[in-house]
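Content type compact mmCIF, C-alpha atoms, from the file input_8.txt:
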# COMPACT_ATOMS: atom_id res chain seq x y z
CA MET A 1 79.39 -22.41 -43.34
CA LYS A 2 81.14 -20.21 -40.86
CA HIS A 3 77.84 -18.97 -39.50
CA VAL A 4 76.41 -22.49 -39.39
CA PHE A 5 79.41 -23.71 -37.41
CA THR A 6 79.17 -20.81 -34.99
CA ALA A 7 75.49 -21.46 -34.37
CA ALA A 8 76.15 -25.17 -33.87
CA ALA A 9 78.99 -24.38 -31.52
CA MET A 10 76.76 -22.04 -29.52
CA THR A 11 74.10 -24.73 -29.33
CA LEU A 12 76.64 -27.27 -28.12
CA THR A 13 78.04 -24.80 -25.61
CA GLY A 14 74.55 -24.14 -24.29
CA ALA A 15 73.86 -27.85 -23.97
CA LEU A 16 77.10 -28.39 -22.11
CA ALA A 17 76.33 -25.49 -19.82
CA THR A 18 72.91 -26.93 -19.08
CA THR A 19 74.42 -30.35 -18.36
CA SER A 20 77.06 -28.76 -16.16
CA ALA A 21 74.43 -26.83 -14.22
CA ALA A 22 72.42 -29.99 -13.69
CA GLN A 23 75.48 -31.79 -12.44
CA ALA A 24 76.31 -28.83 -10.20
CA ASP A 25 73.26 -29.36 -8.00
CA ASP A 26 74.46 -30.06 -4.47
CA ASP A 27 73.38 -33.38 -2.98
CA VAL A 28 71.73 -33.31 0.44
CA LYS A 29 70.66 -36.39 2.37
CA LEU A 30 68.02 -35.71 5.01
CA GLN A 31 67.39 -38.41 7.63
CA LEU A 32 63.89 -38.30 9.11
CA LYS A 33 63.14 -39.25 12.69
CA TRP A 34 60.29 -41.56 11.69
CA VAL A 35 58.47 -43.03 8.72
CA THR A 36 57.02 -41.00 5.85
CA GLN A 37 54.07 -39.06 7.26
CA ALA A 38 52.75 -35.51 7.58
CA GLN A 39 55.08 -34.92 10.53
CA PHE A 40 57.68 -34.24 7.81
CA ALA A 41 55.37 -32.68 5.23
CA GLY A 42 57.43 -29.51 4.80
CA TYR A 43 60.34 -31.43 3.33
CA TYR A 44 58.20 -33.46 0.96
CA VAL A 45 56.35 -30.32 -0.14
CA ALA A 46 59.66 -28.55 -0.79
CA LEU A 47 60.74 -31.52 -2.90
CA ASP A 48 57.44 -31.79 -4.78
CA LYS A 49 57.04 -28.07 -5.45
CA GLY A 50 60.57 -27.64 -6.73
CA PHE A 51 61.72 -25.42 -3.85
CA TYR A 52 64.90 -27.48 -3.52
CA ASP A 53 65.43 -27.33 -7.28
CA GLU A 54 65.20 -23.55 -7.10
CA GLU A 55 68.12 -23.63 -4.65
CA ASP A 56 70.16 -25.99 -6.89
CA LEU A 57 69.80 -28.84 -4.44
CA ASN A 58 69.31 -32.52 -5.10
CA VAL A 59 67.63 -33.64 -1.87
CA THR A 60 67.15 -37.26 -0.90
CA ILE A 61 64.74 -37.82 1.99
CA LEU A 62 65.53 -40.93 4.01
CA PRO A 63 62.56 -42.24 6.04
CA GLY A 64 63.17 -43.42 9.57
CA GLY A 65 61.57 -46.27 11.45
CA PRO A 66 61.66 -48.32 14.66
CA ASP A 67 65.08 -49.75 13.81
CA ILE A 68 66.65 -46.50 12.63
CA ALA A 69 68.37 -44.09 15.04
CA PRO A 70 68.90 -40.73 13.31
CA THR A 71 71.89 -39.90 15.49
CA GLN A 72 73.61 -43.12 14.47
CA VAL A 73 72.88 -42.51 10.79
CA ILE A 74 74.43 -39.04 10.76
CA ALA A 75 77.33 -40.17 12.93
CA GLY A 76 78.12 -42.84 10.36
CA GLY A 77 78.02 -40.41 7.46
CA GLY A 78 74.73 -41.68 6.09
CA ALA A 79 73.11 -38.24 6.14
CA ASP A 80 74.12 -34.58 5.95
CA VAL A 81 71.32 -33.36 8.20
CA THR A 82 68.82 -35.11 10.43
CA VAL A 83 65.48 -34.41 12.07
CA GLU A 84 65.73 -35.08 15.80
CA TRP A 85 64.23 -34.13 19.13
CA MET A 86 66.46 -31.84 21.14
CA PRO A 87 66.62 -34.10 24.24
CA ALA A 88 68.11 -36.91 22.17
CA ALA A 89 70.42 -34.51 20.35
CA LEU A 90 71.74 -32.92 23.55
CA ALA A 91 72.16 -36.30 25.22
CA ALA A 92 74.12 -37.53 22.21
CA ARG A 93 76.26 -34.37 22.25
CA GLU A 94 77.17 -34.87 25.90
CA LYS A 95 78.20 -38.43 25.07
CA GLY A 96 80.54 -37.25 22.34
CA LEU A 97 78.49 -36.87 19.15
CA PRO A 98 78.79 -33.13 18.33
CA LEU A 99 75.33 -32.41 16.94
CA VAL A 100 74.40 -28.78 16.35
CA ASN A 101 70.89 -27.41 15.88
CA ILE A 102 70.86 -25.27 12.73
CA ALA A 103 67.10 -24.67 12.47
CA GLN A 104 63.92 -25.28 14.44
CA PRO A 105 60.79 -25.57 12.25
CA PHE A 106 58.68 -26.84 15.20
CA LYS A 107 57.77 -24.15 17.72
CA SER A 108 55.63 -26.31 20.04
CA SER A 109 55.66 -29.86 21.39
CA GLY A 110 53.01 -32.39 20.44
CA LEU A 111 53.91 -34.85 23.19
CA MET A 112 51.19 -35.96 25.60
CA LEU A 113 50.42 -38.63 28.16
CA THR A 114 46.96 -40.04 27.47
CA CYS A 115 45.19 -41.84 30.33
CA TRP A 116 41.98 -43.68 31.08
CA LYS A 117 39.71 -41.37 33.05
CA ASP A 118 38.11 -44.30 34.86
CA ALA A 119 41.52 -45.14 36.34
CA GLY A 120 40.95 -42.20 38.67
CA ILE A 121 43.62 -39.99 37.14
CA THR A 122 42.73 -36.32 37.08
CA THR A 123 46.01 -34.55 37.87
CA PRO A 124 49.72 -35.45 37.50
CA VAL A 125 49.81 -36.30 41.21
CA ASP A 126 47.51 -39.22 40.43
CA LEU A 127 50.16 -40.81 38.21
CA ALA A 128 51.84 -42.34 41.27
CA ASP A 129 51.47 -46.12 41.56
CA ARG A 130 50.42 -46.41 37.89
CA THR A 131 51.74 -48.18 34.82
CA LEU A 132 52.76 -45.68 32.16
CA GLY A 133 53.67 -46.48 28.57
CA VAL A 134 56.80 -44.69 27.38
CA TRP A 135 58.68 -44.65 24.08
CA PHE A 136 62.41 -45.19 24.25
CA PHE A 137 65.21 -44.70 21.69
CA GLY A 138 65.71 -41.14 22.96
CA ASN A 139 62.00 -40.34 23.26
CA GLU A 140 61.97 -41.21 26.96
CA PHE A 141 64.05 -38.23 28.06
CA PRO A 142 61.22 -35.66 28.44
CA PHE A 143 59.18 -38.21 30.38
CA LEU A 144 62.03 -39.02 32.77
CA SER A 145 62.61 -35.33 33.45
CA TRP A 146 58.91 -34.81 34.13
CA MET A 147 58.73 -37.72 36.57
CA SER A 148 61.80 -36.40 38.38
CA GLN A 149 60.18 -33.00 38.75
CA LEU A 150 57.07 -34.68 40.13
CA GLY A 151 59.23 -36.55 42.64
CA LEU A 152 58.23 -39.92 41.19
CA SER A 153 60.75 -42.70 40.72
CA THR A 154 60.57 -44.92 37.65
CA ASP A 155 61.67 -48.08 39.45
CA GLY A 156 58.20 -49.56 39.91
CA LYS A 157 54.75 -48.95 41.33
CA SER A 158 54.64 -47.33 44.74
CA GLU A 159 53.18 -44.31 46.47
CA SER A 160 56.13 -42.36 45.11
CA GLY A 161 56.88 -44.24 41.93
CA VAL A 162 55.54 -45.48 38.61
CA GLU A 163 56.01 -48.61 36.57
CA VAL A 164 57.37 -47.84 33.11
CA LEU A 165 56.10 -50.01 30.28
CA LYS A 166 58.41 -49.88 27.28
CA GLN A 167 55.85 -48.89 24.70
CA GLY A 168 55.94 -49.91 21.08
CA PHE A 169 54.96 -47.38 18.46
CA ASN A 170 51.26 -48.15 18.75
CA VAL A 171 48.40 -47.59 21.21
CA ASP A 172 47.73 -51.24 22.10
CA PRO A 173 48.87 -50.96 25.75
CA LEU A 174 46.08 -48.47 26.43
CA LEU A 175 43.39 -50.24 24.43
CA GLN A 176 44.25 -53.56 26.06
CA ARG A 177 44.45 -52.01 29.54
CA GLN A 178 48.08 -52.99 29.96
CA ALA A 179 48.83 -49.42 30.99
CA ASP A 180 46.86 -46.69 32.71
CA CYS A 181 48.45 -44.10 30.44
CA ILE A 182 50.52 -44.15 27.26
CA SER A 183 52.65 -41.69 25.33
CA THR A 184 50.87 -40.10 22.40
CA MET A 185 51.47 -37.26 19.99
CA THR A 186 48.70 -34.75 19.35
CA TYR A 187 49.05 -35.41 15.64
CA ASN A 188 49.29 -39.19 15.59
CA GLU A 189 48.63 -41.72 18.35
CA TYR A 190 45.87 -39.73 20.05
CA GLY A 191 43.90 -39.91 16.81
CA GLN A 192 44.55 -43.65 16.67
CA VAL A 193 42.96 -44.03 20.10
CA ILE A 194 39.90 -42.10 18.96
CA ASP A 195 39.72 -44.13 15.75
CA ALA A 196 39.64 -47.27 17.90
CA GLY A 197 36.23 -46.17 19.22
CA ILE A 198 37.31 -44.40 22.42
CA THR A 199 35.68 -41.04 23.02
CA PRO A 200 37.61 -37.99 24.27
CA GLU A 201 35.33 -37.98 27.32
CA GLU A 202 36.78 -41.34 28.36
CA LEU A 203 40.29 -39.95 28.40
CA VAL A 204 42.47 -37.54 30.34
CA THR A 205 45.41 -35.99 28.55
CA PHE A 206 48.45 -34.19 29.93
CA LYS A 207 50.26 -32.10 27.36
CA TYR A 208 53.92 -31.60 28.14
CA GLU A 209 53.50 -27.98 27.04
CA ASP A 210 50.83 -27.42 29.71
CA GLN A 211 52.97 -29.10 32.38
CA GLY A 212 55.89 -26.75 31.74
CA VAL A 213 58.20 -29.62 30.75
CA ALA A 214 57.92 -29.42 26.98
CA THR A 215 61.14 -29.89 25.09
CA LEU A 216 61.85 -28.95 21.49
CA GLU A 217 61.00 -31.52 18.84
CA ASP A 218 61.89 -32.06 15.18
CA GLY A 219 64.79 -29.67 14.83
CA LEU A 220 67.41 -29.91 12.09
CA TYR A 221 70.87 -31.07 13.22
CA VAL A 222 74.26 -31.41 11.57
CA LEU A 223 77.70 -32.44 12.76
CA GLU A 224 79.67 -29.54 14.20
CA GLU A 225 82.81 -30.26 12.16
CA ASN A 226 80.92 -29.73 8.91
CA LEU A 227 80.03 -26.16 9.84
CA SER A 228 83.66 -25.14 9.31
CA ASP A 229 83.25 -25.93 5.60
CA PRO A 230 81.90 -22.87 3.70
CA ALA A 231 80.51 -25.06 0.93
CA PHE A 232 78.56 -27.14 3.43
CA THR A 233 77.17 -24.13 5.29
CA ASN A 234 76.09 -22.54 2.02
CA LYS A 235 74.34 -25.78 1.11
CA MET A 236 72.56 -25.85 4.48
CA GLU A 237 71.48 -22.21 4.12
CA ARG A 238 69.78 -23.07 0.84
CA PHE A 239 68.34 -26.26 2.29
CA VAL A 240 66.82 -24.48 5.31
CA ARG A 241 65.41 -21.68 3.15
CA ALA A 242 63.69 -24.12 0.80
CA SER A 243 62.51 -26.34 3.65
CA MET A 244 60.86 -23.46 5.49
CA LYS A 245 59.17 -22.44 2.26
CA GLY A 246 57.83 -25.97 2.13
CA TRP A 247 56.64 -25.82 5.73
CA LYS A 248 54.79 -22.54 5.27
CA TYR A 249 53.15 -23.86 2.11
CA ALA A 250 52.07 -26.99 4.01
CA GLU A 251 50.55 -24.87 6.79
CA THR A 252 48.29 -23.02 4.35
CA HIS A 253 47.55 -26.00 2.08
CA PRO A 254 47.16 -28.90 4.55
CA ASP A 255 45.12 -31.22 2.35
CA GLU A 256 47.46 -30.79 -0.61
CA ALA A 257 50.44 -31.34 1.69
CA ALA A 258 48.84 -34.54 2.97
CA GLU A 259 48.41 -35.76 -0.60
CA ILE A 260 52.06 -35.04 -1.37
CA VAL A 261 53.06 -37.09 1.68
CA LEU A 262 50.86 -39.97 0.52
CA ASP A 263 52.47 -39.84 -2.92
CA ASN A 264 55.85 -40.33 -1.25
CA ASP A 265 54.77 -43.14 1.08
CA ALA A 266 56.36 -46.19 -0.54
CA SER A 267 54.93 -48.45 2.17
CA GLY A 268 51.33 -47.60 1.32
CA ALA A 269 50.56 -47.78 5.04
CA GLN A 270 49.16 -44.27 5.42
CA THR A 271 45.58 -43.20 4.76
CA GLU A 272 44.23 -39.91 3.46
CA HIS A 273 42.04 -39.34 6.53
CA HIS A 274 44.89 -39.92 8.96
CA GLN A 275 47.38 -37.77 7.05
CA GLN A 276 44.97 -34.87 6.63
CA ARG A 277 44.22 -34.89 10.35
CA MET A 278 47.92 -35.17 11.15
CA MET A 279 48.79 -32.27 8.88
CA ARG A 280 46.29 -30.00 10.59
CA GLU A 281 47.72 -30.86 14.00
CA ILE A 282 51.30 -30.49 12.75
CA SER A 283 50.49 -27.01 11.45
CA LYS A 284 49.67 -25.97 15.03
CA LEU A 285 53.20 -26.96 16.06
CA THR A 286 55.09 -25.28 13.21
CA MET A 287 52.99 -22.12 13.27
CA GLY A 288 54.91 -19.24 14.81
CA SER A 289 58.32 -20.49 13.72
CA ASN A 290 60.23 -18.98 10.82
CA GLY A 291 62.85 -21.71 11.25
CA ALA A 292 65.17 -19.88 13.64
CA LEU A 293 65.70 -21.41 17.08
CA ASP A 294 63.98 -19.41 19.82
CA LEU A 295 66.53 -19.18 22.61
CA SER A 296 63.86 -19.03 25.33
CA ASP A 297 62.53 -22.37 24.06
CA TYR A 298 66.07 -23.72 24.03
CA GLU A 299 66.71 -22.60 27.61
CA ARG A 300 63.45 -24.18 28.79
CA THR A 301 64.42 -27.45 27.13
CA VAL A 302 67.87 -27.42 28.73
CA GLN A 303 66.53 -26.63 32.19
CA THR A 304 63.91 -29.37 31.89
CA LEU A 305 66.58 -31.89 30.96
CA LEU A 306 68.92 -30.80 33.74
CA ALA A 307 66.12 -31.24 36.28
CA GLY A 308 66.43 -34.99 36.19
CA GLY A 309 67.21 -35.66 39.85
CA SER A 310 69.95 -38.21 40.45
CA ASP A 311 69.96 -39.30 36.81
CA PRO A 312 69.39 -36.21 34.64
CA VAL A 313 69.22 -36.45 30.86
CA ILE A 314 72.19 -34.08 30.63
CA SER A 315 74.51 -33.28 33.51
CA LYS A 316 75.80 -29.85 32.49
CA LEU A 317 74.92 -26.85 30.37
CA PRO A 318 75.64 -27.65 26.72
CA GLU A 319 78.14 -25.53 24.83
CA GLY A 320 78.01 -25.00 21.08
CA ALA A 321 74.81 -27.01 20.70
CA TRP A 322 73.10 -24.51 18.39
CA THR A 323 73.88 -21.83 15.86
CA HIS A 324 71.90 -19.03 14.25
CA SER A 325 74.42 -18.62 11.45
CA ILE A 326 72.49 -20.82 9.03
CA THR A 327 69.06 -19.29 9.62
CA ASP A 328 70.49 -15.76 9.73
CA ALA A 329 71.82 -16.27 6.22
CA ALA A 330 68.88 -18.35 4.95
CA LEU A 331 66.05 -16.16 6.18
CA LYS A 332 67.43 -12.64 5.69
Just give me the structure of the file as structure tokens.
Amino acid sequence: MKHVFTAAAMTLTGALATTSAAQADDDVKLQLKWVTQAQFAGYYVALDKGFYDEEDLNVTILPGGPDIAPTQVIAGGGADVTVEWMPAALAAREKGLPLVNIAQPFKSSGLMLTCWKDAGITTPVDLADRTLGVWFFGNEFPFLSWMSQLGLSTDGKSESGVEVLKQGFNVDPLLQRQADCISTMTYNEYGQVIDAGITPEELVTFKYEDQGVATLEDGLYVLEENLSDPAFTNKMERFVRASMKGWKYAETHPDEAAEIVLDNDASGAQTEHHQQRMMREISKLTMGSNGALDLSDYERTVQTLLAGGSDPVISKLPEGAWTHSITDAALK
């Protein structure tokens, strides 16, 4: 009986240990910048493939949307980490929300201005006296900096100004000729224009990267105060390591990554064709990044935002807006 009891006790101890380990998984809430789509495939892949499980993390991915501001969510304690564009993050920091970039999975910008060729637009100089569709909610900052550098006001049509149309998250203003140009992403809205029956030959596109005014997109941000907590930083190190594993898997398995995204789309609004195309374009933006912020890209972003004329996006050089401590530990 003694041996039977010992074996039973060992079994019970093992079960308790397993339960304890399961309960020990650290919770992480990730707030996305937009709805579930291949733009965030790396995180969904990491979740689906068990990369977060391998790091003892219980990750909840919170989709965004037109009525969700990631900076407000994290400020209110609704998320541990958020995906955000750097212009919005730096603007929020200057206004008192101490966001810190801990990783930068996206190396390049996918932002473009897409115009009707028959409107007579061939170069950025031709944008004067036009109606341009622009996203707001923090997405307008790169555009405003670009217009300032071109010497164009955004107060209305004139020889030295443009009319800004507050664009919804669709391509209708271009298709309906309400605007000469609209904001598009290489991986999303541009494809929607093409799917509407417009040929590339009918369009002129200006990539922010080509214009020298590209700013960093889709970085990972946390609140500065949390970085003083060793338990939190350790959790973020594991989160970044698993997330980058997910991103690199998505780059090399784009169709599978697109399927994983579709499996996580509770809205059912996405299509296989669109997500596969998006994933291939997204891979071009994440390629070349191991997750660590490239300081030359950071400096370019800051200088672009400072060059905002009388109303710059940020008014002074940011301090403490990024750290390599997380990626140094995660990627070693």
Hey, what's within 7 Å of A:Met279 if we count only C-alpha atoms and toss same-chain stuff fewer than 3 positions away? As a PyMOL selection string, please?
chain A and resi 38+254+258+275-276+282-283
What's the 8 Å shell around stretch 173-178 of chain A, counting only C-alpha atoms, without same-chain residues fewer than 2 positions away, as a ChimeraX atom specification?
/A:115-116,131,133,167,170-171,180-182,193
May I have the residues within 10 Å of stretch 54-64 of chain A as number ranges by chain, using all atoms listed in the file and disregarding those fewer than 4 positions away in the same chain?
A: 21-37, 40, 43-44, 46-47, 49-50, 68-70, 73, 78-79, 82-83, 235-239, 241-242, 264-266
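With only C-alpha atoms as the basis for measurement, A:Leu90 is the residue among A:Val240, A:Ala75, A:Val204, A:Leu90 that approaches A:Pro142 most closely.
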Distance criterion (all atoms listed in the file): nearest to A:Ala329 out of A:Asp218, A:Ser315, A:Ile102, A:Ile121:
A:Ile102
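Our summary of the geometry notes that atom CA of A:Arg280 is positioned 19.2 Å from atom CA of A:Tyr208.
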Residue contacts of stretch 148-151 of chain A (12 Å, all atoms listed in the file) excluding same-chain residues fewer than 4 positions away, as a PyMOL selection string:
chain A and resi 123-128+141-144+155+158-162+211-213+303-313
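Of the residues under consideration (A:Ala330, A:Ser228, A:Lys117, A:Glu163), A:Lys117 shows the shortest atom-to-atom contact distance to A:Pro200 when counting all atoms listed in the file.
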In the coordinates of the file, take the point (46.7, -33.8, 27.4) and a cut-off of 10 Å; then, counting all atoms listed in the file, name each qualifying protein, DNA or RNA residue as a ChimeraX atom specification.
/A:110-115,184-186,190,203-211
Select all residues near (72.1, -29.7, 14.9) (cut-off 6 Å, inclusive, file coordinates), counting only C-alpha atoms, and output them as a ChimeraX atom specification.
/A:99-102,220-222
Take the residues from that selection and put them in a file with C-alpha atoms, as an mmCIF file, in the frame of the given file.
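The new file part.cif reads:
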data_model
loop_
_atom_site.group_PDB
_atom_site.id
_atom_site.type_symbol
_atom_site.label_atom_id
_atom_site.label_comp_id
_atom_site.auth_asym_id
_atom_site.auth_seq_id
_atom_site.Cartn_x
_atom_site.Cartn_y
_atom_site.Cartn_z
ATOM 1 C CA LEU A 99 75.330 -32.410 16.940
ATOM 2 C CA VAL A 100 74.400 -28.780 16.350
ATOM 3 C CA ASN A 101 70.890 -27.410 15.880
ATOM 4 C CA ILE A 102 70.860 -25.270 12.730
ATOM 5 C CA LEU A 220 67.410 -29.910 12.090
ATOM 6 C CA TYR A 221 70.870 -31.070 13.220
ATOM 7 C CA VAL A 222 74.260 -31.410 11.570
#
Kindly list the centre and edge lengths in Å, rounded to one decimal, for the axis-aligned box that covers all listed atoms of stretch 146-149 of chain A plus 3 Å on each of its six sides, as JSON.
{"center_x": 60.3, "center_y": -35.4, "center_z": 36.4, "size_x": 9.1, "size_y": 10.7, "size_z": 10.6}
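Close contacts of A:His273, defined as residues with an atom at most 10 Å away when counting only C-alpha atoms, with chain neighbours fewer than 4 positions off set aside, comprise A:Asp255, A:Ala258, A:Arg277, A:Met278.
The interatomic distance for the pair atom CA of A:Leu165 and atom CA of A:Ala179 works out to 7.3 Å.
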For atom CA of A:Leu227 and atom CA of A:Thr215, the interatomic separation in Å (one decimal):
24.6 Å
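With distances taken over all atoms listed in the file, A:Leu223 is the one residue among A:Asp48, A:Trp247, A:Leu223, A:Asp263 lying closest to A:Ile74.
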Using all atoms listed in the file, can you tell me which of A:Ser267, A:Thr327, A:Ser296, A:Ser108 comes closest to A:Gly65?
A:Ser267
Give the answer as one residue: which of A:Pro318, A:Thr233, A:Asp328, A:Thr252 has the shortest atom-to-atom distance to A:Ala92, using only C-alpha atoms?
A:Pro318
